[in-house]
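Okay, coords-v2.csv now, which holds CSV, C-alpha atoms and all ligand atoms:
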```csv
chain,number,residue,atom,x,y,z
A,23,MET,CA,101.6,127.1,125.7
A,24,GLY,CA,99.1,125.5,123.6
A,25,ARG,CA,97.5,122.1,123.3
A,26,LEU,CA,98.8,120.2,120.3
A,27,LEU,CA,97.6,117.3,118.3
A,28,ILE,CA,100.4,115.4,116.7
A,29,THR,CA,99.3,113.1,113.9
A,30,GLY,CA,101.8,110.3,113.2
A,31,GLY,CA,102.9,111.0,116.8
A,32,THR,CA,104.3,107.5,117.4
A,33,GLY,CA,106.4,107.5,114.2
A,34,TYR,CA,110.0,108.3,114.0
A,35,ILE,CA,110.0,112.1,113.7
A,36,GLY,CA,106.6,112.6,115.5
A,37,SER,CA,107.9,110.8,118.6
A,38,HIS,CA,111.0,113.0,118.8
A,39,ALA,CA,108.9,116.1,118.3
A,40,ALA,CA,106.5,114.9,121.1
A,41,VAL,CA,109.5,114.8,123.5
A,42,VAL,CA,110.7,118.3,122.6
A,43,LEU,CA,107.3,119.9,122.7
A,44,SER,CA,106.3,118.2,126.0
A,45,LYS,CA,109.6,119.2,127.6
A,46,ILE,CA,109.0,122.9,126.7
A,47,GLY,CA,105.6,122.8,128.3
A,48,HIS,CA,103.1,122.1,125.5
A,49,ASP,CA,100.4,119.6,126.2
A,50,VAL,CA,100.5,117.1,123.4
A,51,VAL,CA,98.0,114.5,122.2
A,52,LEU,CA,99.3,111.8,119.8
A,53,TYR,CA,97.1,110.5,117.0
A,54,ASP,CA,98.3,107.5,114.9
A,55,ASN,CA,96.8,104.5,113.3
A,56,LEU,CA,100.0,102.5,114.2
A,57,SER,CA,100.4,101.4,110.5
A,58,ASN,CA,104.2,102.1,110.8
A,59,SER,CA,104.8,102.3,114.6
A,60,SER,CA,103.7,100.6,117.8
A,61,ARG,CA,102.5,101.2,121.3
A,62,CYS,CA,106.0,100.4,122.6
A,63,VAL,CA,107.0,103.9,121.4
A,64,LEU,CA,104.3,105.4,123.6
A,65,GLU,CA,105.7,103.6,126.7
A,66,ASN,CA,109.2,104.8,126.0
A,67,LEU,CA,107.9,108.3,125.4
A,68,ASN,CA,106.2,108.3,128.7
A,69,LEU,CA,109.4,107.2,130.3
A,70,ILE,CA,111.4,110.0,128.7
A,71,VAL,CA,108.9,112.8,129.5
A,72,GLY,CA,108.0,111.4,132.9
A,73,ARG,CA,104.2,111.4,132.4
A,74,GLN,CA,101.5,109.8,130.4
A,75,ILE,CA,101.0,111.3,127.0
A,76,PRO,CA,97.4,111.0,125.8
A,77,PHE,CA,97.1,108.8,122.7
A,78,VAL,CA,94.3,108.2,120.3
A,79,LYS,CA,94.5,105.3,117.9
A,80,GLY,CA,93.0,106.5,114.7
A,81,ASP,CA,93.4,107.2,111.0
A,82,VAL,CA,93.6,110.7,109.7
A,83,ARG,CA,91.1,109.7,107.0
A,84,ASP,CA,88.6,109.3,109.8
A,85,THR,CA,87.3,112.8,109.8
A,86,GLU,CA,84.6,112.2,112.5
A,87,LEU,CA,87.2,110.8,114.9
A,88,LEU,CA,89.5,113.7,114.2
A,89,ILE,CA,86.7,116.2,114.9
A,90,SER,CA,85.7,114.6,118.2
A,91,THR,CA,89.4,114.4,119.2
A,92,LEU,CA,90.1,118.0,118.4
A,93,SER,CA,87.2,119.2,120.3
A,94,ALA,CA,87.3,116.8,123.3
A,95,GLN,CA,91.0,117.5,123.8
A,96,GLY,CA,90.7,121.3,123.3
A,97,ILE,CA,93.4,121.4,120.6
A,98,ASP,CA,94.9,124.7,119.5
A,99,ALA,CA,97.2,123.6,116.8
A,100,VAL,CA,98.1,120.5,114.8
A,101,ILE,CA,101.4,119.1,113.6
A,102,HIS,CA,100.7,116.7,110.8
A,103,PHE,CA,103.4,113.9,110.4
A,104,ALA,CA,101.0,111.1,109.5
A,105,GLY,CA,101.7,109.7,106.1
A,106,LEU,CA,103.5,107.1,104.1
A,107,LYS,CA,107.1,107.8,103.0
A,108,ALA,CA,108.7,105.1,100.9
A,109,VAL,CA,109.4,106.4,97.5
A,110,GLY,CA,109.7,103.0,95.8
A,111,GLU,CA,106.4,101.8,97.2
A,112,SER,CA,104.8,105.0,96.1
A,113,VAL,CA,105.7,104.3,92.5
A,114,GLU,CA,104.2,100.8,92.8
A,115,GLN,CA,101.1,101.8,94.7
A,116,PRO,CA,100.3,105.5,93.9
A,117,VAL,CA,96.7,105.2,95.0
A,118,LYS,CA,97.7,104.1,98.4
A,119,TYR,CA,100.0,107.1,98.7
A,120,TYR,CA,97.6,109.7,97.4
A,121,GLY,CA,94.9,108.2,99.6
A,122,ASN,CA,97.0,108.3,102.8
A,123,ASN,CA,98.9,111.5,102.2
A,124,VAL,CA,96.5,113.7,100.2
A,125,GLN,CA,93.1,112.4,101.2
A,126,GLY,CA,94.4,112.1,104.8
A,127,SER,CA,95.4,115.8,104.7
A,128,ILE,CA,92.1,116.8,103.2
A,129,SER,CA,90.3,115.0,106.0
A,130,LEU,CA,92.5,116.7,108.6
A,131,LEU,CA,91.7,120.1,107.1
A,132,GLN,CA,88.0,119.3,107.1
A,133,ALA,CA,88.1,118.4,110.7
A,134,MET,CA,90.2,121.5,111.6
A,135,GLN,CA,87.8,123.7,109.8
A,136,ALA,CA,84.8,122.1,111.5
A,137,VAL,CA,86.2,123.0,114.9
A,138,GLN,CA,87.9,126.3,113.9
A,139,VAL,CA,91.5,125.1,114.6
A,140,LYS,CA,93.5,127.0,112.1
A,141,THR,CA,97.2,126.6,113.0
A,142,LEU,CA,99.0,123.7,111.2
A,143,VAL,CA,102.6,122.5,110.8
A,144,PHE,CA,103.0,120.1,107.9
A,145,SER,CA,105.8,117.6,107.3
A,146,SER,CA,107.0,118.3,103.8
A,147,SER,CA,110.2,117.2,102.2
A,148,ALA,CA,113.1,118.4,100.1
A,149,THR,CA,112.0,115.9,97.6
A,150,VAL,CA,109.5,118.6,96.3
A,151,TYR,CA,112.5,120.3,94.7
A,152,GLY,CA,113.2,117.3,92.3
A,153,GLU,CA,116.5,117.4,90.6
A,154,PRO,CA,118.4,120.4,92.0
A,155,GLN,CA,119.0,123.1,89.4
A,156,TYR,CA,121.3,124.9,91.8
A,157,LEU,CA,122.7,124.3,95.2
A,158,PRO,CA,122.2,125.0,98.1
A,159,LEU,CA,118.4,124.6,97.7
A,160,ASP,CA,116.5,127.6,98.9
A,161,GLU,CA,112.7,127.9,99.1
A,162,ARG,CA,112.6,129.8,95.8
A,163,HIS,CA,114.0,126.8,93.9
A,164,PRO,CA,111.4,125.5,91.4
A,165,ILE,CA,109.1,122.8,92.7
A,166,ARG,CA,109.0,119.6,90.7
A,167,ALA,CA,108.6,116.2,92.4
A,168,THR,CA,109.6,113.2,90.4
A,169,ASN,CA,107.6,110.4,92.1
A,170,PRO,CA,104.1,109.9,93.6
A,171,TYR,CA,105.4,110.3,97.2
A,172,GLY,CA,107.0,113.7,96.3
A,173,ARG,CA,103.9,114.8,94.4
A,174,SER,CA,101.7,113.9,97.3
A,175,LYS,CA,103.8,116.3,99.4
A,176,LEU,CA,103.7,118.9,96.7
A,177,TYR,CA,99.9,118.7,96.2
A,178,VAL,CA,99.3,119.0,99.9
A,179,GLU,CA,101.6,122.1,100.1
A,180,GLN,CA,99.7,123.7,97.3
A,181,MET,CA,96.3,122.8,98.8
A,182,LEU,CA,97.5,124.4,102.1
A,183,SER,CA,98.5,127.6,100.2
A,184,ASP,CA,95.0,127.7,98.7
A,185,VAL,CA,93.4,127.3,102.1
A,186,VAL,CA,95.4,130.3,103.4
A,187,SER,CA,94.5,132.4,100.3
A,188,ALA,CA,90.8,131.7,101.0
A,189,ASP,CA,90.9,132.4,104.7
A,190,ALA,CA,93.5,134.6,106.2
A,191,ALA,CA,92.9,133.3,109.7
A,192,TRP,CA,94.9,130.2,108.9
A,193,ARG,CA,98.6,129.9,109.9
A,194,ILE,CA,100.5,127.2,108.1
A,195,ALA,CA,104.1,126.2,107.9
A,196,CYS,CA,105.3,123.5,105.4
A,197,LEU,CA,108.6,122.3,106.7
A,198,ARG,CA,110.7,120.8,104.0
A,199,TYR,CA,112.9,118.2,105.7
A,200,PHE,CA,116.3,117.2,104.3
A,201,ASN,CA,117.7,113.8,105.6
A,202,PRO,CA,116.6,113.1,109.1
A,203,VAL,CA,118.8,110.6,111.0
A,204,GLY,CA,119.8,109.9,114.6
A,205,ALA,CA,117.8,109.3,117.7
A,206,HIS,CA,117.0,110.7,121.1
A,207,GLU,CA,120.0,110.6,123.5
A,208,SER,CA,118.2,108.1,125.8
A,209,GLY,CA,118.3,105.4,123.0
A,210,LEU,CA,114.6,104.7,123.9
A,211,ILE,CA,113.2,106.1,120.7
A,212,GLY,CA,114.6,106.1,117.2
A,213,GLU,CA,114.1,104.9,113.6
A,214,ARG,CA,112.9,101.3,113.2
A,215,PRO,CA,113.2,100.5,109.5
A,216,ASN,CA,110.8,97.9,108.1
A,217,GLY,CA,112.7,95.2,106.3
A,218,VAL,CA,115.8,96.1,104.3
A,219,PRO,CA,116.5,99.8,105.0
A,220,ASN,CA,116.3,102.0,102.0
A,221,ASN,CA,118.2,104.8,103.7
A,222,LEU,CA,121.9,105.1,104.3
A,223,MET,CA,122.2,105.6,108.0
A,224,PRO,CA,120.0,102.6,109.2
A,225,TYR,CA,121.8,100.4,106.7
A,226,ILE,CA,125.2,101.4,107.9
A,227,ILE,CA,124.2,100.8,111.5
A,228,GLN,CA,123.0,97.3,110.7
A,229,VAL,CA,126.3,96.6,108.9
A,230,ALA,CA,128.2,98.0,111.9
A,231,ALA,CA,126.1,95.7,114.2
A,232,GLY,CA,127.1,92.7,112.0
A,233,GLN,CA,123.5,92.2,110.9
A,234,ARG,CA,124.4,92.7,107.2
A,235,PRO,CA,127.7,91.8,105.7
A,236,TYR,CA,128.4,95.1,103.8
A,237,LEU,CA,126.9,98.3,102.4
A,238,ASN,CA,126.4,98.9,98.7
A,239,VAL,CA,127.6,102.4,97.9
A,240,PHE,CA,125.4,103.5,95.1
A,241,GLY,CA,127.8,105.1,92.7
A,242,ASN,CA,131.3,106.6,93.1
A,243,ASP,CA,131.3,108.5,89.8
A,244,TYR,CA,129.3,111.6,90.8
A,245,SER,CA,131.0,115.0,90.7
A,246,SER,CA,131.6,115.2,94.4
A,247,THR,CA,135.0,115.2,96.1
A,248,ASP,CA,135.1,111.4,96.5
A,249,GLY,CA,132.5,110.6,93.8
A,250,THR,CA,129.8,109.4,96.1
A,251,GLY,CA,126.4,111.0,96.7
A,252,VAL,CA,126.1,114.0,99.0
A,253,ARG,CA,123.2,114.7,101.3
A,254,ASP,CA,122.2,117.1,104.1
A,255,TYR,CA,121.8,114.8,107.1
A,256,ILE,CA,120.0,116.5,110.0
A,257,HIS,CA,119.7,115.1,113.5
A,258,VAL,CA,116.1,114.2,114.3
A,259,MET,CA,116.3,116.2,117.6
A,260,ASP,CA,117.3,119.3,115.7
A,261,LEU,CA,114.4,118.7,113.4
A,262,ALA,CA,112.1,118.3,116.4
A,263,ASP,CA,113.4,121.7,117.8
A,264,GLY,CA,112.6,123.2,114.4
A,265,HIS,CA,108.9,122.3,115.0
A,266,ALA,CA,108.9,124.0,118.3
A,267,ALA,CA,110.4,127.1,116.6
A,268,ALA,CA,107.8,126.9,113.8
A,269,LEU,CA,105.0,126.9,116.3
A,270,ASP,CA,106.4,130.0,118.0
A,271,PHE,CA,106.7,131.6,114.6
A,272,LEU,CA,103.0,130.8,113.7
A,273,ASP,CA,102.0,132.3,117.1
A,274,LYS,CA,103.1,135.7,115.8
A,275,THR,CA,102.5,135.3,112.0
A,276,SER,CA,99.6,134.3,109.8
A,277,GLY,CA,99.9,133.1,106.2
A,278,TRP,CA,101.5,130.1,104.4
A,279,HIS,CA,105.2,129.5,104.7
A,280,ALA,CA,107.5,126.9,103.2
A,281,ILE,CA,110.7,126.6,105.2
A,282,ASN,CA,113.7,124.3,104.7
A,283,LEU,CA,114.9,122.3,107.8
A,284,GLY,CA,118.4,121.2,107.0
A,285,THR,CA,121.9,121.9,108.2
A,286,GLY,CA,123.2,123.5,105.0
A,287,LYS,CA,126.1,121.1,105.0
A,288,GLY,CA,126.4,118.0,102.7
A,289,TYR,CA,128.3,114.8,103.5
A,290,SER,CA,129.2,112.1,101.1
A,291,VAL,CA,128.4,108.5,101.6
A,292,LEU,CA,132.1,107.7,102.4
A,293,GLU,CA,132.2,110.5,104.9
A,294,VAL,CA,129.1,109.1,106.7
A,295,ILE,CA,130.7,105.6,106.7
A,296,LYS,CA,133.9,107.0,108.2
A,297,ALA,CA,131.9,108.9,110.9
A,298,CYS,CA,129.9,105.8,111.8
A,299,GLU,CA,133.1,103.7,112.0
A,300,LYS,CA,134.4,106.2,114.5
A,301,ALA,CA,131.2,106.4,116.5
A,302,THR,CA,130.7,102.6,116.7
A,303,GLY,CA,134.3,101.5,116.9
A,304,ARG,CA,133.3,98.9,114.2
A,305,LYS,CA,134.4,98.4,110.6
A,306,VAL,CA,131.7,99.1,108.0
A,307,PRO,CA,132.7,97.1,104.9
A,308,TYR,CA,131.3,98.4,101.7
A,309,LYS,CA,131.3,97.6,98.0
A,310,ILE,CA,130.9,100.1,95.2
A,311,ALA,CA,127.7,99.4,93.3
A,312,ALA,CA,125.8,101.0,90.4
A,313,ARG,CA,124.1,104.3,90.9
A,314,ARG,CA,120.6,103.9,92.3
A,315,ALA,CA,117.8,104.9,89.8
A,316,GLY,CA,116.4,108.3,90.5
A,317,ASP,CA,119.3,109.4,92.8
A,318,VAL,CA,120.7,112.9,92.5
A,319,ALA,CA,124.4,113.7,92.9
A,320,ALA,CA,124.0,116.2,95.7
A,321,CYS,CA,121.2,117.7,97.7
A,322,TYR,CA,121.6,120.2,100.6
A,323,ALA,CA,119.7,123.1,102.0
A,324,ASP,CA,120.1,126.8,102.2
A,325,PRO,CA,118.8,127.1,105.8
A,326,ALA,CA,118.9,130.9,105.9
A,327,LYS,CA,115.1,131.3,105.9
A,328,ALA,CA,114.7,129.0,108.9
A,329,SER,CA,117.4,131.0,110.7
A,330,GLU,CA,115.7,134.3,109.9
A,331,ARG,CA,112.1,133.4,110.4
A,332,LEU,CA,112.2,130.7,113.0
A,333,ASN,CA,115.4,131.8,114.8
A,334,TRP,CA,116.4,128.1,114.5
A,335,THR,CA,119.6,126.4,113.2
A,336,ALA,CA,120.7,122.8,113.5
A,337,LYS,CA,123.2,122.3,116.3
A,338,ARG,CA,124.1,118.7,116.3
A,339,SER,CA,127.1,117.2,114.4
A,340,LEU,CA,127.4,114.2,112.1
A,341,ASP,CA,129.2,112.5,115.0
A,342,ASP,CA,126.1,113.1,117.3
A,343,MET,CA,123.9,111.6,114.5
A,344,CYS,CA,126.0,108.4,114.3
A,345,HIS,CA,126.5,108.0,118.1
A,346,SER,CA,122.8,108.3,118.8
A,347,SER,CA,121.8,106.0,116.0
A,348,TRP,CA,124.2,103.4,117.4
A,349,ARG,CA,123.0,103.9,120.9
A,350,PHE,CA,119.4,103.2,119.8
A,351,GLN,CA,120.5,100.1,117.9
A,352,GLN,CA,122.5,98.8,120.8
A,353,LYS,CA,119.8,99.5,123.4
A,354,ASN,CA,117.1,97.8,121.4
A,355,ARG,CA,119.1,95.1,119.7
A,356,LEU,CA,116.9,95.8,116.7
A,357,ARG,CA,115.9,92.7,114.9
A,358,VAL,CA,116.6,92.6,111.3
A,359,THR,CA,114.2,91.3,108.6
A,360,PRO,CA,116.0,89.9,105.5
B,401,LIG,P1,107.1,107.2,110.2
B,401,LIG,O1,106.5,106.2,109.3
B,401,LIG,O2,108.0,106.7,111.2
B,401,LIG,O3,105.9,108.0,110.9
B,401,LIG,C1,104.7,108.3,110.3
B,401,LIG,C2,103.6,107.8,111.3
B,401,LIG,O4,102.3,108.1,110.7
B,401,LIG,C3,103.6,106.3,111.6
B,401,LIG,O5,103.6,106.2,113.0
B,401,LIG,C4,102.3,105.8,111.0
B,401,LIG,O6,101.8,104.7,111.8
B,401,LIG,C5,101.4,107.0,111.0
B,401,LIG,N1,100.4,107.0,109.9
B,401,LIG,C6,100.6,106.7,108.6
B,401,LIG,N2,99.5,106.9,107.9
B,401,LIG,C7,98.5,107.2,108.8
B,401,LIG,C8,97.2,107.5,108.7
B,401,LIG,N3,96.5,107.4,107.5
B,401,LIG,N4,96.5,107.9,109.8
B,401,LIG,C9,97.2,107.9,111.0
B,401,LIG,N5,98.5,107.7,111.2
B,401,LIG,C10,99.1,107.3,110.1
B,401,LIG,O7,107.7,108.4,109.3
B,401,LIG,P2,108.6,109.6,109.7
B,401,LIG,O8,110.0,109.4,109.2
B,401,LIG,O9,108.4,109.9,111.2
B,401,LIG,O10,107.9,110.7,108.8
B,401,LIG,C11,107.0,111.6,109.3
B,401,LIG,C12,106.6,112.6,108.2
B,401,LIG,O11,107.7,113.3,107.8
B,401,LIG,C13,106.0,111.9,107.0
B,401,LIG,O12,104.9,112.7,106.6
B,401,LIG,C14,107.1,111.9,106.0
B,401,LIG,O13,106.6,111.9,104.7
B,401,LIG,C15,107.8,113.2,106.4
B,401,LIG,N6,109.2,113.2,105.9
B,401,LIG,C16,110.0,112.1,106.4
B,401,LIG,C17,111.4,112.1,106.0
B,401,LIG,C18,112.3,111.0,106.5
B,401,LIG,O14,113.3,110.8,105.8
B,401,LIG,N7,112.0,110.3,107.5
B,401,LIG,C19,111.9,113.1,105.1
B,401,LIG,C20,111.0,114.1,104.7
B,401,LIG,C21,109.7,114.1,105.1
B,402,LIG,N1,123.0,105.1,99.7
B,402,LIG,C1,124.0,104.1,99.4
B,402,LIG,N2,123.7,102.9,99.9
B,402,LIG,C2,122.5,102.6,100.5
B,402,LIG,C3,121.6,103.6,100.8
B,402,LIG,C4,121.9,104.9,100.3
B,402,LIG,O1,125.0,104.4,98.9
B,402,LIG,O2,122.3,101.4,100.9
B,402,LIG,C5,123.4,106.5,99.2
B,402,LIG,C6,122.4,107.1,98.3
B,402,LIG,O3,122.7,106.8,96.9
B,402,LIG,C7,122.5,108.6,98.6
B,402,LIG,C8,122.8,108.7,100.1
B,402,LIG,O4,123.3,107.4,100.4
B,402,LIG,O5,123.6,109.2,97.9
B,402,LIG,C9,121.6,108.9,100.9
B,402,LIG,O6,120.5,108.0,100.6
B,402,LIG,P1,119.2,107.9,101.4
B,402,LIG,O7,118.3,106.9,100.8
B,402,LIG,O8,119.4,107.8,102.8
B,402,LIG,O9,118.5,109.4,101.2
B,402,LIG,P2,117.9,110.1,99.9
B,402,LIG,O10,118.7,109.6,98.7
B,402,LIG,O11,116.5,109.8,99.9
B,402,LIG,O12,118.2,111.5,100.1
```

How would this structure read if it were set down as C-alpha cells?
Amino acid sequence: MGRLLITGGTGYIGSHAAVVLSKIGHDVVLYDNLSNSSRCVLENLNLIVGRQIPFVKGDVRDTELLISTLSAQGIDAVIHFAGLKAVGESVEQPVKYYGNNVQGSISLLQAMQAVQVKTLVFSSSATVYGEPQYLPLDERHPIRATNPYGRSKLYVEQMLSDVVSADAAWRIACLRYFNPVGAHESGLIGERPNGVPNNLMPYIIQVAAGQRPYLNVFGNDYSSTDGTGVRDYIHVMDLADGHAAALDFLDKTSGWHAINLGTGKGYSVLEVIKACEKATGRKVPYKIAARRAGDVAACYADPAKASERLNWTAKRSLDDMCHSSWRFQQKNRLRVTP
C-alpha cells in the first residue's frame, strides 16, 4: 500500500476518497489551499478514520511547496482533485480557471517530475464530451468541451497524454466523472454548496429542508420520458471506490487511460425529485421553468471500460444518494446563503 498525496483533499470528492483510501490501508496526505473547503472537514475526516490524517495547507501552483511535500512525505502517487468547478464562473473568469486548473496541473507535474513520482489519477469530467452525439457516452466519443471549465479539463487530459508519450514510466488515469451526489453514511462529510446551488441534488435538499420555497425544473420539453433532463447521478462513495480501483489498476499498468466513472443509468429531474421526497419524507414543490442555457437533454455513461479495466462498478442506488444527502444536511443543519 502506497503513500498518497491527495490535492483538493478537503473538498467534496477528495474527502470521500480520503476515507476510502485510508480505510483500505493507504497512508494519505491531504494538500489543499482551503479556497473551497475548511479545516472542519479535516476534523470530521479524522473522526471517521479514527486517526489524524496529515494535512498541508498549500496551493498546487506553489511548485516548491509541492516538491518539499512530495519528498518529505515519501509520496508514491498523487490523486489530483484540486481545481475550480463552476461552469458559469469559468465563462466569466476564464483566466482564473485556466490559472487554477491548467497552471495548477502543470505545477503539479513539474513537482512530480522533480522527485520522480510518476503515478497520477486526475479528476476529469464527462463535460469533456460536450453535446452527446450518441448515448451512452463511451470513452471513444469525440471530445469537445463547450466552456472554459470543460476546456481546462480537456487541455489537462491532453497534456497528460503528451507526458506519457514522452516518458513511458508515467502511469496516468483521467477519470471522467458523471454527476457526483450523496455523502458519507456518517453524515459528517458531504457537499457544501457555496451560495445558491447550481446543481440539482443540493438544491432539492434545501427545498426539502424548507430553506428554499421550490425548485425550478429547467425545461420539461426534452425528448425524455417525462420531458425533463436526464443525468447519470453517481454516489460519491462509489466514485471514491473508483479511485481506489484506479490506483490498483495503475499498479499493474503503465500508459495514459481515460475512464468514465458513472452508473450507466440516467434519471430525469422528476425522478430525482420523487426519490428525494421518499427519502426525506418531505414534499419538494417545483415549478417548470425555461431550459437552462447550455444544458443537454440527456447525459449518461457507458461504464463498461471501468468495469473491464478497473474491475469497478457503481453499487449504490438513487435512494442511497438521496438518503445520505439528507442525512448530511440534517446533521449539519447547513446554513443557506441567499
Ligand atoms: P471541491 O471544490 O469541493 O474540491 C476541490 C478542492 O480543491 C477544494 O477543497 C479547494 O479548496 C481545493 N483547491 C482549489 N484550487 C486549489 C489550488 N489551486 N490549490 C490547492 N487546492 C485547491 O470540488 P469537488 O466537487 O470535490 O471536485 C473535485 C474535482 O473533481 C475537481 O477537479 C472538479 O473539477 C472535478 N469534478 C467534479 C465534479 C462535481 O460535480 N463535483 C464533476 C466532475 C469533475
Ligand atoms: N436542474 C434543474 N433545476 C435546478 C438545477 C438543475 O432542473 O435547479 C436540472 C438540469 O437542467 C439538469 C439536471 O437537473 O437537467 C442536472 O443538473 P446539474 O446542474 O446538477 O448537473 P449538470 O447539468 O451539470 O449535469

Which residues, written as JSON, numbers by chain, have at least one atom at most 9 Å from A:Leu52, with only C-alpha atoms counted and residues fewer than 3 positions away on the same chain left out?
-> {"A": [26, 27, 28, 29, 30, 31, 32, 36, 37, 40, 64, 75, 76, 77, 78, 79]}

Could you tell me which of A:Ser93, A:Asn58, A:Thr149, A:Gln74 comes closest to ligand LIG 402 (chain B) if we count all atoms listed in the file?
->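 Closest to ligand LIG 402 (chain B) of all the choices is A:Thr149.
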
Considering all atoms listed in the file, state which residue in the set A:His345, A:Arg253, A:Lys327, A:His102 is at the smallest distance from ligand LIG 402 (chain B).
->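 Closest residue, counting all atoms listed in the file: A:Arg253.
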
Where does chain A meet ligand LIG 402 (chain B) within 8 Å, residue by residue, with the nearest atom pair and distance in Å to one decimal for each, counting all atoms listed in the file, listed by chain and rising number, as a Markdown table?
```
| residue | atom | partner | partner_atom | distance |
| --- | --- | --- | --- | --- |
| A:Thr149 | CA | B:LIG402 | O11 | 7.9 |
| A:Phe200 | CA | B:LIG402 | O12 | 7.3 |
| A:Asn201 | CA | B:LIG402 | O12 | 6.0 |
| A:Pro219 | CA | B:LIG402 | O2 | 7.3 |
| A:Asn220 | CA | B:LIG402 | O7 | 5.4 |
| A:Asn221 | CA | B:LIG402 | O8 | 3.4 |
| A:Leu222 | CA | B:LIG402 | C3 | 3.8 |
| A:Met223 | CA | B:LIG402 | O8 | 6.3 |
| A:Tyr225 | CA | B:LIG402 | O2 | 5.9 |
| A:Ile226 | CA | B:LIG402 | O2 | 7.6 |
| A:Leu237 | CA | B:LIG402 | O2 | 5.7 |
| A:Asn238 | CA | B:LIG402 | N2 | 5.0 |
| A:Val239 | CA | B:LIG402 | O1 | 3.4 |
| A:Phe240 | CA | B:LIG402 | O1 | 3.9 |
| A:Gly241 | CA | B:LIG402 | O3 | 6.8 |
| A:Thr250 | CA | B:LIG402 | O5 | 6.5 |
| A:Gly251 | CA | B:LIG402 | O5 | 3.5 |
| A:Val252 | CA | B:LIG402 | O5 | 5.5 |
| A:Arg253 | CA | B:LIG402 | C9 | 6.0 |
| A:Asp254 | CA | B:LIG402 | O12 | 8.0 |
| A:Ser290 | CA | B:LIG402 | O5 | 7.1 |
| A:Val291 | CA | B:LIG402 | O4 | 5.4 |
| A:Ala311 | CA | B:LIG402 | O1 | 8.0 |
| A:Arg313 | CA | B:LIG402 | O3 | 6.6 |
| A:Arg314 | CA | B:LIG402 | O3 | 5.8 |
| A:Asp317 | CA | B:LIG402 | O3 | 5.9 |
| A:Val318 | CA | B:LIG402 | O5 | 7.2 |
| A:Ala319 | CA | B:LIG402 | O5 | 6.8 |
| A:Ala320 | CA | B:LIG402 | O5 | 7.3 |
| A:Cys321 | CA | B:LIG402 | O12 | 7.3 |
```

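When only C-alpha atoms are used to measure the gap to A:Gly264, the shortest distance among A:Ala336, A:Ile211, A:Ala148, A:Val306 belongs to A:Ala336.
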
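One finds atom C21 of ligand LIG 401 (chain B) at 26.5 Å from atom CA of A:Gln233.
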
Enumerate residues in contact with ligand LIG 401 (chain B): an atom-to-atom distance of at most 6 Å, counting only C-alpha atoms and all ligand atoms. Format the result as a PyMOL selection string.
-> chain A and resi 30+32-36+54-59+80-83+103-107+122+126+145-147+199+201-202

Closest of A:Gln351, A:Ser112, A:Ser129, A:Thr141 to A:Asp273 - atom-to-atom distances counting only C-alpha atoms |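 Among A:Gln351, A:Ser112, A:Ser129, A:Thr141, it is A:Thr141 that comes nearest to A:Asp273.
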
Near A:Asp160, counting all atoms listed in the file, which residues have an atom at most 8 Å away, once you skip same-chain residues fewer than 3 positions from it, shown as a VMD selection string?
-> chain A and resid 157 163 282 323 to 325

Selection near A:Gly204, 10 Å with all atoms listed in the file, sequence-local residues under 5 positions removed, as a VMD selection string | chain A and resid 34 209 211 to 213 223 to 224 255 to 260 338 340 to 350

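Going from atom CA of A:Thr335 to atom CA of A:Val41 covers 18.5 Å.
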